[in-house]
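Notes for the one structure printed next.
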Amino acid sequence: MDNVDKKILAELQRDGRLTVTELADRVQLSISPCHRRLRALESSGAITGYRAQLDAGALGLTFEALVFVTMRTVDRDTLEAFEPAVAAIPHVLQAQRLFGDPDYLLRVITRDLPAFQKLYDESLATLPGVGRLSSTLVMKSVVDNRPLPL
């Protein structure tokens with residue numbers, strides 16, 4: 001990946017709706033080479049897709065929490081049951097396995113506290129292998145949806 005590829009990626013992170021013509025103009029390439037590079041970046045997996053960035057508050061999703069998950073055991077079968085089950089919960093925006101204690105960090109979003117409590121009691125607490133859950137509420141997001149550094 002050279003500097004031109006990095007420019008293409010940076011421009012697409014700023015605006016994923018750019019046409020190839022607009023993108024080529026911004027990175028100072030003609031359309032054909034820009035299109036070839038774009039397809040190569042997609043084929044290589046550097047670009048995994050395109051999507052709209054939504055405003056959670058405008059959609060009524062105003063309650064965000066970080067949930068720390070400590071597993072009863074961390075054997076392969078337990079983790080292979082837990083990970084797809086947590087991935088199937090739409091309100092879990094991110095799920096990360098951690099080194100040390102706790103075992104997982106979940107970023108969860110809901111409408112409000114009662115909706116979070118219901119999700120916590122009916123979905124999160126019943127996930128396979130969960131030993132303990134601990135949560136903290138997000139006061140505000142200071143950095144969110146930041147483009148990857150190139």
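FYI, nothing fancy with the structure tokens labels: chains A, B, ... in order, residues from 1 per chain, ligands from 1 as they appear.
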
- Query: as a ChimeraX atom specification, which residues of segment 17-140 of chain A does DSSP assign to strand (DSSP E or B)?
  - Reply: /A:63-71,92-97,104-110,130-137

Generate a file of the selected residues that holds C-alpha atoms, formatted as an mmCIF file, in the first residue's frame.
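Printed below is result08.cif as written:
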data_model
loop_
_atom_site.group_PDB
_atom_site.id
_atom_site.type_symbol
_atom_site.label_atom_id
_atom_site.label_comp_id
_atom_site.auth_asym_id
_atom_site.auth_seq_id
_atom_site.Cartn_x
_atom_site.Cartn_y
_atom_site.Cartn_z
ATOM 1 C CA PHE A 63 -28.628 5.061 26.706
ATOM 2 C CA GLU A 64 -25.161 3.577 26.344
ATOM 3 C CA ALA A 65 -23.344 1.285 28.740
ATOM 4 C CA LEU A 66 -20.109 -0.654 28.891
ATOM 5 C CA VAL A 67 -20.637 -4.151 30.224
ATOM 6 C CA PHE A 68 -17.733 -6.163 31.596
ATOM 7 C CA VAL A 69 -18.196 -9.936 31.369
ATOM 8 C CA THR A 70 -16.327 -12.434 33.518
ATOM 9 C CA MET A 71 -16.802 -16.006 32.381
ATOM 10 C CA VAL A 92 -24.384 -5.021 21.408
ATOM 11 C CA LEU A 93 -22.453 -2.593 19.204
ATOM 12 C CA GLN A 94 -19.019 -3.982 20.053
ATOM 13 C CA ALA A 95 -17.779 -7.070 21.847
ATOM 14 C CA GLN A 96 -14.105 -7.474 22.585
ATOM 15 C CA ARG A 97 -12.279 -10.368 24.242
ATOM 16 C CA TYR A 104 -15.005 -9.431 27.611
ATOM 17 C CA LEU A 105 -16.016 -5.807 27.155
ATOM 18 C CA LEU A 106 -19.360 -5.087 25.508
ATOM 19 C CA ARG A 107 -20.563 -1.713 24.248
ATOM 20 C CA VAL A 108 -24.344 -1.715 24.475
ATOM 21 C CA ILE A 109 -26.940 0.833 23.373
ATOM 22 C CA THR A 110 -30.662 1.008 24.188
ATOM 23 C CA VAL A 130 -21.352 -15.913 32.027
ATOM 24 C CA GLY A 131 -20.156 -15.887 35.614
ATOM 25 C CA ARG A 132 -20.501 -12.200 36.402
ATOM 26 C CA LEU A 133 -21.573 -8.991 34.698
ATOM 27 C CA SER A 134 -20.569 -5.493 35.716
ATOM 28 C CA SER A 135 -21.630 -2.363 33.903
ATOM 29 C CA THR A 136 -20.862 1.313 33.827
ATOM 30 C CA LEU A 137 -22.870 3.999 32.097
#

- Query: In terms of the shortest atom-to-atom distance over only C-alpha atoms, which of A:Ile47, A:Ala88, A:Cys34, A:Glu122 is closest to Val20 of chain A?
  - Reply: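 Smallest distance to Val20 of chain A is found for A:Cys34.
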